[in-house]
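Below is the file data33.cif, which contains mmCIF, C-alpha atoms and all ligand atoms.
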```cif
data_data
loop_
_atom_site.label_atom_id
_atom_site.label_comp_id
_atom_site.auth_asym_id
_atom_site.auth_seq_id
_atom_site.Cartn_x
_atom_site.Cartn_y
_atom_site.Cartn_z
CA MET J 848 209.76 104.67 125.35
CA ALA J 849 208.16 103.67 128.66
CA THR J 850 210.43 101.83 131.07
CA THR J 851 209.45 100.01 134.22
CA THR J 852 212.07 98.51 136.49
CA ALA J 853 212.01 96.71 139.79
CA THR J 854 213.08 99.82 141.60
CA THR J 855 211.14 102.60 139.91
CA ALA J 856 207.71 103.10 138.44
CA LYS J 857 208.94 106.07 136.47
CA VAL J 858 207.57 106.19 132.94
CA ALA J 859 209.93 107.94 130.58
CA GLU J 860 208.38 109.26 127.38
CA ASP J 861 210.83 109.47 124.52
CA ALA J 862 209.99 110.45 120.96
CA THR J 863 212.88 108.50 119.43
CA ALA J 864 211.96 105.26 117.70
CA VAL J 865 212.89 102.07 119.56
CA PRO J 866 213.60 98.77 117.81
CA TYR J 867 210.91 96.92 119.75
CA ALA J 868 207.27 97.24 120.75
CA ALA J 869 207.98 95.54 124.06
CA ARG J 870 211.24 94.42 125.65
CA ILE J 871 211.07 92.12 128.65
CA GLU J 872 214.50 91.53 130.17
CA HIS J 873 215.21 88.98 132.90
CA VAL J 874 211.86 89.64 134.54
CA SER J 875 210.89 87.76 137.68
CA LYS J 876 207.83 88.27 139.84
CA SER J 877 207.06 86.97 143.32
CA PHE J 878 203.92 87.35 145.39
CA PRO J 879 203.48 86.73 149.11
CA ALA J 880 202.89 82.98 149.53
CA PRO J 881 199.43 82.24 150.94
CA GLY J 882 199.56 80.62 154.39
CA THR J 883 203.32 81.21 154.85
CA PRO J 884 203.96 84.42 156.78
CA GLY J 885 206.84 86.26 155.14
CA GLY J 886 207.13 83.57 152.43
CA GLN J 887 207.29 84.37 148.74
CA GLN J 888 205.85 82.51 145.80
CA LEU J 889 207.92 82.83 142.61
CA VAL J 890 205.41 83.16 139.76
CA LEU J 891 207.64 84.33 136.89
CA ASP J 892 211.29 83.40 136.66
CA ASP J 893 213.79 85.20 134.43
CA ILE J 894 211.58 85.95 131.43
CA THR J 895 213.33 87.57 128.48
CA LEU J 896 211.20 88.32 125.43
CA ASP J 897 211.03 91.00 122.72
CA VAL J 898 207.97 91.84 120.66
CA ALA J 899 209.15 93.46 117.42
CA PRO J 900 207.35 96.44 115.88
CA GLY J 901 204.33 95.10 113.99
CA GLU J 902 204.76 91.59 115.36
CA PHE J 903 201.92 89.37 116.61
CA VAL J 904 203.04 87.16 119.51
CA THR J 905 200.84 84.79 121.50
CA LEU J 906 201.77 83.79 125.01
CA LEU J 907 200.51 80.33 125.80
CA GLY J 908 200.52 78.35 129.02
CA ALA J 909 198.51 76.38 131.54
CA SER J 910 196.10 78.10 133.89
CA GLY J 911 197.98 79.81 136.71
CA CYS J 912 201.39 79.83 135.00
CA GLY J 913 201.64 83.62 135.14
CA LYS J 914 200.43 84.83 131.73
CA SER J 915 198.17 87.57 133.11
CA THR J 916 200.85 88.53 135.62
CA LEU J 917 203.32 89.06 132.79
CA LEU J 918 200.82 91.01 130.70
CA ASN J 919 199.99 93.23 133.67
CA LEU J 920 203.69 93.94 134.13
CA VAL J 921 204.04 94.92 130.46
CA ALA J 922 200.94 97.12 130.88
CA GLY J 923 202.65 98.85 133.82
CA LEU J 924 199.84 97.83 136.20
CA ASP J 925 202.37 96.17 138.51
CA LEU J 926 206.14 96.18 138.96
CA PRO J 927 208.50 93.26 138.39
CA SER J 928 210.41 91.92 141.42
CA ALA J 929 213.52 91.82 139.23
CA GLY J 930 214.42 92.75 135.67
CA SER J 931 213.08 95.48 133.43
CA ILE J 932 210.33 96.09 130.90
CA GLY J 933 210.31 98.68 128.13
CA THR J 934 207.50 99.48 125.73
CA ASP J 935 207.22 101.74 122.71
CA GLY J 936 204.78 104.20 124.24
CA ARG J 937 201.90 103.34 126.49
CA PRO J 938 200.21 100.04 125.50
CA ALA J 939 196.44 99.57 125.05
CA LEU J 940 194.74 96.78 126.94
CA MET J 941 191.89 94.42 126.26
CA PHE J 942 190.67 91.79 128.70
CA GLN J 943 188.22 88.89 128.73
CA GLU J 944 185.65 91.17 130.35
CA HIS J 945 184.86 94.06 128.06
CA ALA J 946 184.93 96.61 130.93
CA LEU J 947 182.80 99.08 128.94
CA PHE J 948 180.91 101.72 130.91
CA PRO J 949 177.29 100.51 130.87
CA TRP J 950 175.84 104.00 131.30
CA LEU J 951 177.49 105.18 128.08
CA THR J 952 176.60 104.17 124.54
CA ALA J 953 179.04 102.16 122.40
CA GLY J 954 180.10 105.34 120.63
CA LYS J 955 180.50 107.35 123.83
CA ASN J 956 182.70 104.63 125.34
CA ILE J 957 185.04 105.09 122.39
CA GLU J 958 184.78 108.88 122.50
CA LEU J 959 185.81 108.82 126.16
CA ALA J 960 189.05 107.03 125.21
CA LEU J 961 189.59 109.64 122.48
CA LYS J 962 188.99 112.43 124.99
CA LEU J 963 191.53 110.92 127.40
CA ARG J 964 193.98 110.81 124.51
CA GLY J 965 193.43 114.54 123.98
CA VAL J 966 191.50 114.37 120.71
CA ALA J 967 189.57 117.61 120.10
CA LYS J 968 185.81 117.44 120.77
CA ALA J 969 184.75 118.04 117.16
CA GLU J 970 186.92 115.16 115.92
CA ARG J 971 185.75 112.59 118.45
CA ARG J 972 182.42 111.63 116.88
CA PRO J 973 183.78 111.06 113.33
CA GLU J 974 186.79 109.18 114.73
CA ALA J 975 184.51 106.96 116.87
CA GLU J 976 182.41 106.26 113.75
CA ARG J 977 185.56 105.34 111.83
CA LEU J 978 186.69 102.95 114.59
CA LEU J 979 183.23 101.35 114.78
CA GLU J 980 183.42 100.81 111.04
CA LEU J 981 186.89 99.27 111.43
CA VAL J 982 185.44 96.65 113.82
CA ARG J 983 182.40 96.29 111.49
CA LEU J 984 179.91 97.88 113.87
CA GLN J 985 178.88 100.81 111.73
CA GLY J 986 175.60 102.23 112.96
CA ALA J 987 176.10 101.05 116.54
CA HIS J 988 177.23 104.42 117.93
CA GLY J 989 173.99 105.06 119.83
CA LYS J 990 173.53 101.53 121.17
CA ARG J 991 173.72 100.93 124.92
CA VAL J 992 176.07 98.21 126.14
CA HIS J 993 173.19 95.98 127.32
CA GLU J 994 171.70 96.06 123.82
CA LEU J 995 174.83 94.48 122.33
CA SER J 996 175.70 90.77 122.10
CA GLY J 997 178.88 89.46 123.75
CA GLY J 998 180.71 89.50 120.42
CA MET J 999 179.56 93.06 119.70
CA ARG J 1000 180.71 94.20 123.14
CA GLN J 1001 184.17 92.78 122.50
CA ARG J 1002 184.22 94.61 119.15
CA VAL J 1003 183.44 97.87 120.96
CA ALA J 1004 186.13 97.05 123.51
CA LEU J 1005 188.56 96.49 120.63
CA ALA J 1006 187.54 99.78 119.02
CA ARG J 1007 188.08 101.51 122.36
CA ALA J 1008 191.53 99.94 122.70
CA LEU J 1009 192.35 101.10 119.16
CA ALA J 1010 191.13 104.61 120.07
CA GLN J 1011 194.17 104.94 122.31
CA ASP J 1012 196.33 104.93 119.19
CA SER J 1013 198.97 102.79 120.93
CA ARG J 1014 201.61 100.94 119.00
CA LEU J 1015 201.24 97.88 121.24
CA LEU J 1016 197.99 96.09 122.01
CA LEU J 1017 197.98 93.74 125.01
CA MET J 1018 195.16 91.20 124.97
CA ASP J 1019 194.33 88.82 127.81
CA GLU J 1020 192.01 86.05 126.55
CA PRO J 1021 189.72 88.65 124.98
CA PHE J 1022 187.54 86.10 123.18
CA ALA J 1023 187.50 83.31 125.77
CA ALA J 1024 183.89 83.91 126.83
CA LEU J 1025 182.51 83.88 123.27
CA ASP J 1026 180.99 80.96 121.38
CA ALA J 1027 183.24 79.23 118.85
CA ILE J 1028 181.72 80.81 115.73
CA THR J 1029 181.77 84.37 117.10
CA ARG J 1030 185.34 83.81 118.27
CA ASP J 1031 186.31 82.61 114.82
CA VAL J 1032 184.82 85.73 113.20
CA LEU J 1033 186.67 87.95 115.68
CA HIS J 1034 189.93 86.12 114.94
CA ASP J 1035 189.47 87.11 111.31
CA GLU J 1036 188.69 90.70 112.25
CA LEU J 1037 191.64 91.00 114.60
CA THR J 1038 193.99 89.58 111.94
CA ARG J 1039 192.63 92.03 109.37
CA ILE J 1040 192.97 95.01 111.74
CA TRP J 1041 196.48 93.96 112.79
CA ARG J 1042 197.54 93.74 109.14
CA GLU J 1043 195.86 97.03 108.22
CA THR J 1044 197.24 99.05 111.13
CA GLY J 1045 200.73 97.56 111.62
CA LEU J 1046 200.05 97.29 115.37
CA SER J 1047 202.15 95.01 117.57
CA VAL J 1048 200.08 92.53 119.54
CA LEU J 1049 200.93 90.46 122.63
CA PHE J 1050 198.00 88.07 123.04
CA VAL J 1051 197.55 85.74 126.03
CA THR J 1052 195.59 82.51 125.70
CA HIS J 1053 195.50 78.92 126.89
CA ASN J 1054 193.86 77.87 123.63
CA VAL J 1055 196.55 76.34 121.41
CA ARG J 1056 194.58 76.56 118.16
CA GLU J 1057 193.78 80.20 118.80
CA ALA J 1058 197.47 80.87 119.43
CA VAL J 1059 198.51 79.21 116.16
CA ARG J 1060 195.70 80.71 114.10
CA LEU J 1061 196.60 84.27 115.10
CA ALA J 1062 200.30 84.54 115.75
CA GLN J 1063 203.56 84.92 113.92
CA ARG J 1064 205.24 83.52 117.02
CA VAL J 1065 203.89 81.33 119.82
CA VAL J 1066 205.73 81.48 123.15
CA LEU J 1067 205.02 78.65 125.60
CA LEU J 1068 205.37 79.36 129.32
CA SER J 1069 206.08 76.59 131.79
CA SER J 1070 204.30 76.52 135.16
CA ARG J 1071 205.43 77.11 138.73
CA PRO J 1072 207.40 79.16 138.12
CA GLY J 1073 206.57 80.54 134.68
CA ARG J 1074 209.60 80.35 132.42
CA ILE J 1075 209.85 80.42 128.66
CA ALA J 1076 209.73 76.74 127.80
CA ARG J 1077 209.80 76.95 124.00
CA GLU J 1078 208.73 79.09 121.10
CA TRP J 1079 207.58 78.44 117.56
CA THR J 1080 207.56 80.66 114.49
CA VAL J 1081 204.23 80.26 112.70
CA ASP J 1082 205.07 80.69 109.07
CA LEU J 1083 201.61 80.03 107.65
CA PRO J 1084 199.90 82.33 105.13
CA HIS J 1085 196.80 84.39 105.93
CA PRO J 1086 193.88 84.03 105.83
CA ARG J 1087 194.14 81.07 108.19
CA ARG J 1088 191.27 78.95 109.37
CA ILE J 1089 191.05 77.23 112.73
CA GLU J 1090 190.42 73.92 110.87
CA ASP J 1091 193.37 74.28 108.44
CA ALA J 1092 195.49 71.12 108.33
CA ALA J 1093 198.71 73.09 108.93
CA VAL J 1094 197.16 74.93 111.91
CA ALA J 1095 196.00 71.58 113.32
CA GLU J 1096 199.38 69.93 112.79
CA LEU J 1097 201.35 72.61 114.63
CA SER J 1098 198.66 72.75 117.35
CA VAL J 1099 199.11 69.03 118.00
CA GLU J 1100 202.86 69.50 118.40
CA ILE J 1101 202.42 72.47 120.77
CA THR J 1102 199.68 70.69 122.75
CA GLU J 1103 202.08 67.80 123.36
CA GLU J 1104 204.62 70.23 124.84
CA LEU J 1105 201.93 71.94 126.90
CA ARG J 1106 200.77 68.56 128.23
CA GLY J 1107 204.36 67.78 129.17
CA GLU J 1108 204.58 71.05 131.08
CA ILE J 1109 201.34 70.36 132.92
CA ARG J 1110 202.43 66.79 133.77
CA ARG J 1111 205.78 68.02 135.09
CA HIS J 1112 204.00 70.34 137.50
CA GLY J 1113 201.13 68.07 138.44
CA GLN J 1114 198.37 70.52 137.51
CA HIS J 1115 194.89 69.68 136.24
N1 LIG V 1201 198.14 90.04 142.98
C1 LIG V 1201 198.46 88.78 143.29
N2 LIG V 1201 198.76 88.43 144.55
C2 LIG V 1201 199.12 87.16 144.86
N3 LIG V 1201 199.19 86.16 143.97
C3 LIG V 1201 198.90 86.45 142.69
C4 LIG V 1201 198.52 87.76 142.29
N4 LIG V 1201 198.30 87.74 140.94
C5 LIG V 1201 198.52 86.47 140.54
N5 LIG V 1201 198.88 85.70 141.59
C6 LIG V 1201 199.25 84.27 141.53
O1 LIG V 1201 200.17 84.11 140.47
C7 LIG V 1201 199.95 82.90 139.78
C8 LIG V 1201 199.75 83.21 138.29
O2 LIG V 1201 198.52 83.89 138.09
P1 LIG V 1201 198.07 84.45 136.68
O3 LIG V 1201 196.76 85.09 136.87
O4 LIG V 1201 199.17 85.27 136.11
O5 LIG V 1201 197.95 83.10 135.82
P2 LIG V 1201 197.42 82.89 134.32
O6 LIG V 1201 198.50 82.15 133.60
O7 LIG V 1201 196.95 84.16 133.76
O8 LIG V 1201 196.19 81.88 134.55
P3 LIG V 1201 194.78 81.76 133.75
O9 LIG V 1201 195.10 81.03 132.46
O10 LIG V 1201 193.95 80.92 134.67
O11 LIG V 1201 194.24 83.13 133.52
C9 LIG V 1201 198.74 82.25 140.44
O12 LIG V 1201 199.21 81.28 141.33
C10 LIG V 1201 198.07 83.39 141.16
O13 LIG V 1201 197.41 82.94 142.29
MG MG V 1202 195.08 84.87 133.16
#
```

As structure tokens, how would this structure be written, given the file I've shared?
Amino acid sequence: MATTTATTAKVAEDATAVPYAARIEHVSKSFPAPGTPGGQQLVLDDITLDVAPGEFVTLLGASGCGKSTLLNLVAGLDLPSAGSIGTDGRPALMFQEHALFPWLTAGKNIELALKLRGVAKAERRPEAERLLELVRLQGAHGKRVHELSGGMRQRVALARALAQDSRLLLMDEPFAALDAITRDVLHDELTRIWRETGLSVLFVTHNVREAVRLAQRVVLLSSRPGRIAREWTVDLPHPRRIEDAAVAELSVEITEELRGEIRRHGQH
């Protein structure tokens, strides 16, 4: 278990199984307020949320409500101002920008993650090939990043995240820059990989349909400060399609709530 608290950045590794992939308890986060010397801006207020082992949760909210801030805290990239966060091992991360090393091939980007994980040299190439196959990019090992389309780059980024062999995958709008069709294909792939691997996923988006299409649970954050406004269990069978009537129906309900949140805080 890795634990981050307001007072210590200590990461405690513990081999015993924990009943959650992520546990966020009474977490608040403030940043220095721009233009107010000494002032603080409360961005997240008293967030309590568990992600169960193998669960797929989407975190939804208006722009600026603190979604990335919360994900960064779970990733251990920053510390909460109050409260505590525990994760089952070190999480893997995937962002909107693929952040691949352009001077390495697709395969070598993945092999680097394997190396950092301590995988023996002889095993790295076959394992990278297996991961490329998992994201349906077999044969792309030798391709340079600039030779790949946006969708292919995100597949490599996903393979690299999976190479870390984490039990929790944190995703911050990973498909937001892709066209609708490519995004739809990657939704299918992510769902398949999640179901095959038993990974836990905490996925940030401001796209309601994407949240409903992917998740078992959608958590809506309010804005200024970010608080948990409401959550929905999405009890729809897979495979789901973005245009499914049931996906659309729940999306309409959630969009109404999201609109209410945005109206209350006078954004956009
Ligand atoms: N390191 C930081 N220092 C100061 N303020 C910050 C910092 N990081 C985030 N903020 C502020 O916290 C608030 C929430 O930002 P955050 O990036 O978490 O929002 P978000 O919900 O991810 O938005 P988006 O949907 O646009 O990505 C914003 O007002 C932002 O300016
Ligand atoms: Mg963000």

Write out, as a tab-separated table, each residue of stretch 894-1012 of chain J that has an atom at most 9 Å from stretch 1043-1067 of chain J, together with the closest pair of atoms and their distance in Å to one decimal, counting all atoms listed in the file, rows going by chain and rising number.
```
residue	atom	partner	partner_atom	distance
J:Val898	CA	J:Ser1047	CA	7.3
J:Ala899	CA	J:Ser1047	CA	7.2
J:Pro900	CA	J:Ser1047	CA	5.7
J:Gly901	CA	J:Ser1047	CA	4.2
J:Glu902	CA	J:Ser1047	CA	4.8
J:Phe903	CA	J:Val1048	CA	4.7
J:Val904	CA	J:Arg1064	CA	4.9
J:Thr905	CA	J:Phe1050	CA	4.6
J:Leu906	CA	J:Val1051	CA	4.8
J:Leu907	CA	J:Leu1067	CA	4.8
J:Gly908	CA	J:His1053	CA	5.5
J:Ala909	CA	J:His1053	CA	6.1
J:Ser910	CA	J:His1053	CA	7.1
J:Lys914	CA	J:Val1051	CA	6.5
J:Ser915	CA	J:Val1051	CA	7.3
J:Leu918	CA	J:Val1051	CA	7.8
```

Could the residues that lie within 10 Å of ligand LIG 1201 (chain V), counting all atoms listed in the file, be listed as a ChimeraX atom specification? /J:876-881,887-891,906-920,925,943,1019-1020,1051-1054,1068-1073

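The shortest atom-to-atom distance to ligand MG 1202 (chain V), with all atoms listed in the file taken into account, belongs to J:Glu944 out of J:Glu872, J:Asp1035, J:Glu974, J:Glu944.
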
Report, in Å with one decimal, the straight-line distance from atom CA of J:His873 to atom CA of J:Trp1041. 27.9 Å

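Each of J:Arg1039, J:Arg977, J:Val1099, J:Phe942 was checked against ligand MG 1202 (chain V) using only C-alpha atoms and all ligand atoms; the smallest atom-to-atom distance is that of J:Phe942.
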
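Shortest separation to J:His945 among J:Gly933, J:Pro1021, J:Gly886, J:Gly965 occurs at residue J:Pro1021, atoms counted being all atoms listed in the file.
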
Of the residues J:Leu979, J:Ile1109, J:Leu926, J:Val966, which is the one nearest to J:Gly954, using only C-alpha atoms? J:Leu979

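Interatomic distance, atom CA of J:Val1032 to atom CA of J:Leu981: 13.8 Å.
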
May I ask which of the residues J:Gln985, J:Gln1011, J:Thr883, J:Thr952 is the closest one to J:Ala939, counting all atoms listed in the file? J:Gln1011

Could you tell me which of J:Val874, J:Leu940, J:Ala1092, J:Met1018 comes closest to ligand MG 1202 (chain V) if we count all atoms listed in the file?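 Counting all atoms listed in the file, the residue closest to ligand MG 1202 (chain V) is J:Met1018.
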
Would you pick out the contacts of J:Ile957 at 8 Å or less, using all atoms listed in the file, so that residues sharing its chain but fewer than 3 positions from it are not included, and give the list as a list in words? Ala953, Gly954, Ala960, Leu961, Ala975, Val1003, Ala1006, Arg1007 and Ala1010 of chain J

Store the residues picked out above in a file with C-alpha atoms, as an mmCIF file, keeping the file's coordinate frame.
```cif
data_model
loop_
_atom_site.group_PDB
_atom_site.id
_atom_site.type_symbol
_atom_site.label_atom_id
_atom_site.label_comp_id
_atom_site.auth_asym_id
_atom_site.auth_seq_id
_atom_site.Cartn_x
_atom_site.Cartn_y
_atom_site.Cartn_z
ATOM 1 C CA ALA J 953 179.040 102.160 122.400
ATOM 2 C CA GLY J 954 180.100 105.340 120.630
ATOM 3 C CA ALA J 960 189.050 107.030 125.210
ATOM 4 C CA LEU J 961 189.590 109.640 122.480
ATOM 5 C CA ALA J 975 184.510 106.960 116.870
ATOM 6 C CA VAL J 1003 183.440 97.870 120.960
ATOM 7 C CA ALA J 1006 187.540 99.780 119.020
ATOM 8 C CA ARG J 1007 188.080 101.510 122.360
ATOM 9 C CA ALA J 1010 191.130 104.610 120.070
#
```

Long-range neighbours of J:Phe1022 as a PyMOL selection string, 8 Å cut-off, only C-alpha atoms, 6 positions minimum in chain: chain J and resi 943+1001+1030+1033

Keeping C-alpha atoms for every residue in the selection just given, could you write it to a file as a tab-separated table (two decimals), keeping the file's coordinate frame?
```tsv
chain	number	residue	atom	x	y	z
J	943	GLN	CA	188.22	88.89	128.73
J	1001	GLN	CA	184.17	92.78	122.50
J	1030	ARG	CA	185.34	83.81	118.27
J	1033	LEU	CA	186.67	87.95	115.68
```

Please indicate the distance in Å from atom CA of J:Arg1000 to atom CA of J:Pro1084, rounded to one decimal place. 28.9 Å

Can you tell me, as JSON, the centre and edge lengths (Å, one decimal) of the axis-aligned box enclosing all of stretch 948-951 of chain J's listed atoms after padding each side by 5 Å?
```
{"center_x": 178.4, "center_y": 102.8, "center_z": 129.7, "size_x": 15.1, "size_y": 14.7, "size_z": 13.2}
```

Since the input has fewer atoms than a full residue there, write stretch 992-1002 of chain J out with all heavy atoms, as a PDB file, in the frame of the given file.
```pdb
ATOM      1  N   VAL J 992     175.297  99.437 125.999  1.00  0.00           N
ATOM      2  CA  VAL J 992     176.070  98.210 126.140  1.00  0.00           C
ATOM      3  C   VAL J 992     175.152  96.986 126.294  1.00  0.00           C
ATOM      4  O   VAL J 992     175.377  95.941 125.681  1.00  0.00           O
ATOM      5  CB  VAL J 992     177.059  98.328 127.326  1.00  0.00           C
ATOM      6  CG1 VAL J 992     177.748  97.008 127.607  1.00  0.00           C
ATOM      7  CG2 VAL J 992     178.086  99.423 127.049  1.00  0.00           C
ATOM      8  N   HIS J 993     174.059  97.140 127.082  1.00  0.00           N
ATOM      9  CA  HIS J 993     173.190  95.980 127.320  1.00  0.00           C
ATOM     10  C   HIS J 993     172.408  95.559 126.077  1.00  0.00           C
ATOM     11  O   HIS J 993     171.840  94.475 126.026  1.00  0.00           O
ATOM     12  CB  HIS J 993     172.241  96.245 128.500  1.00  0.00           C
ATOM     13  CG  HIS J 993     171.144  97.209 128.193  1.00  0.00           C
ATOM     14  ND1 HIS J 993     171.248  98.555 128.481  1.00  0.00           N
ATOM     15  CD2 HIS J 993     169.929  97.047 127.612  1.00  0.00           C
ATOM     16  CE1 HIS J 993     170.150  99.166 128.089  1.00  0.00           C
ATOM     17  NE2 HIS J 993     169.338  98.286 127.550  1.00  0.00           N
ATOM     18  N   GLU J 994     172.384  96.417 125.068  1.00  0.00           N
ATOM     19  CA  GLU J 994     171.700  96.060 123.820  1.00  0.00           C
ATOM     20  C   GLU J 994     172.599  95.265 122.868  1.00  0.00           C
ATOM     21  O   GLU J 994     172.154  94.832 121.820  1.00  0.00           O
ATOM     22  CB  GLU J 994     171.251  97.337 123.084  1.00  0.00           C
ATOM     23  CG  GLU J 994     170.216  98.159 123.817  1.00  0.00           C
ATOM     24  CD  GLU J 994     169.880  99.428 123.046  1.00  0.00           C
ATOM     25  OE1 GLU J 994     170.671 100.391 123.122  1.00  0.00           O
ATOM     26  OE2 GLU J 994     168.856  99.434 122.347  1.00  0.00           O
ATOM     27  N   LEU J 995     173.866  95.135 123.228  1.00  0.00           N
ATOM     28  CA  LEU J 995     174.830  94.480 122.330  1.00  0.00           C
ATOM     29  C   LEU J 995     175.064  93.032 122.760  1.00  0.00           C
ATOM     30  O   LEU J 995     175.032  92.713 123.948  1.00  0.00           O
ATOM     31  CB  LEU J 995     176.170  95.223 122.375  1.00  0.00           C
ATOM     32  CG  LEU J 995     176.136  96.710 122.029  1.00  0.00           C
ATOM     33  CD1 LEU J 995     177.493  97.346 122.307  1.00  0.00           C
ATOM     34  CD2 LEU J 995     175.743  96.914 120.566  1.00  0.00           C
ATOM     35  N   SER J 996     175.329  92.156 121.783  1.00  0.00           N
ATOM     36  CA  SER J 996     175.700  90.770 122.100  1.00  0.00           C
ATOM     37  C   SER J 996     177.121  90.739 122.648  1.00  0.00           C
ATOM     38  O   SER J 996     177.856  91.739 122.546  1.00  0.00           O
ATOM     39  CB  SER J 996     175.634  89.923 120.825  1.00  0.00           C
ATOM     40  OG  SER J 996     176.672  90.316 119.948  1.00  0.00           O
ATOM     41  N   GLY J 997     177.528  89.585 123.193  1.00  0.00           N
ATOM     42  CA  GLY J 997     178.880  89.460 123.750  1.00  0.00           C
ATOM     43  C   GLY J 997     179.946  89.774 122.708  1.00  0.00           C
ATOM     44  O   GLY J 997     180.923  90.472 122.988  1.00  0.00           O
ATOM     45  N   GLY J 998     179.737  89.264 121.490  1.00  0.00           N
ATOM     46  CA  GLY J 998     180.710  89.500 120.420  1.00  0.00           C
ATOM     47  C   GLY J 998     180.775  90.976 120.051  1.00  0.00           C
ATOM     48  O   GLY J 998     181.858  91.520 119.796  1.00  0.00           O
ATOM     49  N   MET J 999     179.592  91.622 120.027  1.00  0.00           N
ATOM     50  CA  MET J 999     179.560  93.060 119.700  1.00  0.00           C
ATOM     51  C   MET J 999     180.248  93.884 120.788  1.00  0.00           C
ATOM     52  O   MET J 999     180.967  94.845 120.502  1.00  0.00           O
ATOM     53  CB  MET J 999     178.119  93.534 119.501  1.00  0.00           C
ATOM     54  CG  MET J 999     177.463  92.979 118.246  1.00  0.00           C
ATOM     55  SD  MET J 999     175.672  93.155 118.322  1.00  0.00           S
ATOM     56  CE  MET J 999     175.438  94.709 117.506  1.00  0.00           C
ATOM     57  N   ARG J1000     180.055  93.479 122.027  1.00  0.00           N
ATOM     58  CA  ARG J1000     180.710  94.200 123.140  1.00  0.00           C
ATOM     59  C   ARG J1000     182.230  94.115 123.011  1.00  0.00           C
ATOM     60  O   ARG J1000     182.941  95.096 123.237  1.00  0.00           O
ATOM     61  CB  ARG J1000     180.286  93.615 124.485  1.00  0.00           C
ATOM     62  CG  ARG J1000     178.857  93.957 124.820  1.00  0.00           C
ATOM     63  CD  ARG J1000     178.395  93.264 126.092  1.00  0.00           C
ATOM     64  NE  ARG J1000     176.938  93.292 126.115  1.00  0.00           N
ATOM     65  CZ  ARG J1000     176.182  92.807 127.071  1.00  0.00           C
ATOM     66  NH1 ARG J1000     176.731  92.233 128.127  1.00  0.00           N
ATOM     67  NH2 ARG J1000     174.887  92.876 127.007  1.00  0.00           N
ATOM     68  N   GLN J1001     182.707  92.912 122.652  1.00  0.00           N
ATOM     69  CA  GLN J1001     184.170  92.780 122.500  1.00  0.00           C
ATOM     70  C   GLN J1001     184.678  93.593 121.314  1.00  0.00           C
ATOM     71  O   GLN J1001     185.796  94.091 121.333  1.00  0.00           O
ATOM     72  CB  GLN J1001     184.572  91.300 122.379  1.00  0.00           C
ATOM     73  CG  GLN J1001     184.450  90.497 123.669  1.00  0.00           C
ATOM     74  CD  GLN J1001     185.136  91.131 124.863  1.00  0.00           C
ATOM     75  OE1 GLN J1001     184.630  92.063 125.487  1.00  0.00           O
ATOM     76  NE2 GLN J1001     186.313  90.647 125.214  1.00  0.00           N
ATOM     77  N   ARG J1002     183.836  93.750 120.287  1.00  0.00           N
ATOM     78  CA  ARG J1002     184.220  94.610 119.150  1.00  0.00           C
ATOM     79  C   ARG J1002     184.338  96.069 119.611  1.00  0.00           C
ATOM     80  O   ARG J1002     185.260  96.778 119.215  1.00  0.00           O
ATOM     81  CB  ARG J1002     183.181  94.539 118.037  1.00  0.00           C
ATOM     82  CG  ARG J1002     183.241  93.282 117.225  1.00  0.00           C
ATOM     83  CD  ARG J1002     182.049  93.224 116.285  1.00  0.00           C
ATOM     84  NE  ARG J1002     181.920  91.923 115.707  1.00  0.00           N
ATOM     85  CZ  ARG J1002     182.372  91.595 114.497  1.00  0.00           C
ATOM     86  NH1 ARG J1002     182.938  92.513 113.733  1.00  0.00           N
ATOM     87  NH2 ARG J1002     182.245  90.374 114.034  1.00  0.00           N
TER      88      ARG J1002
END
```
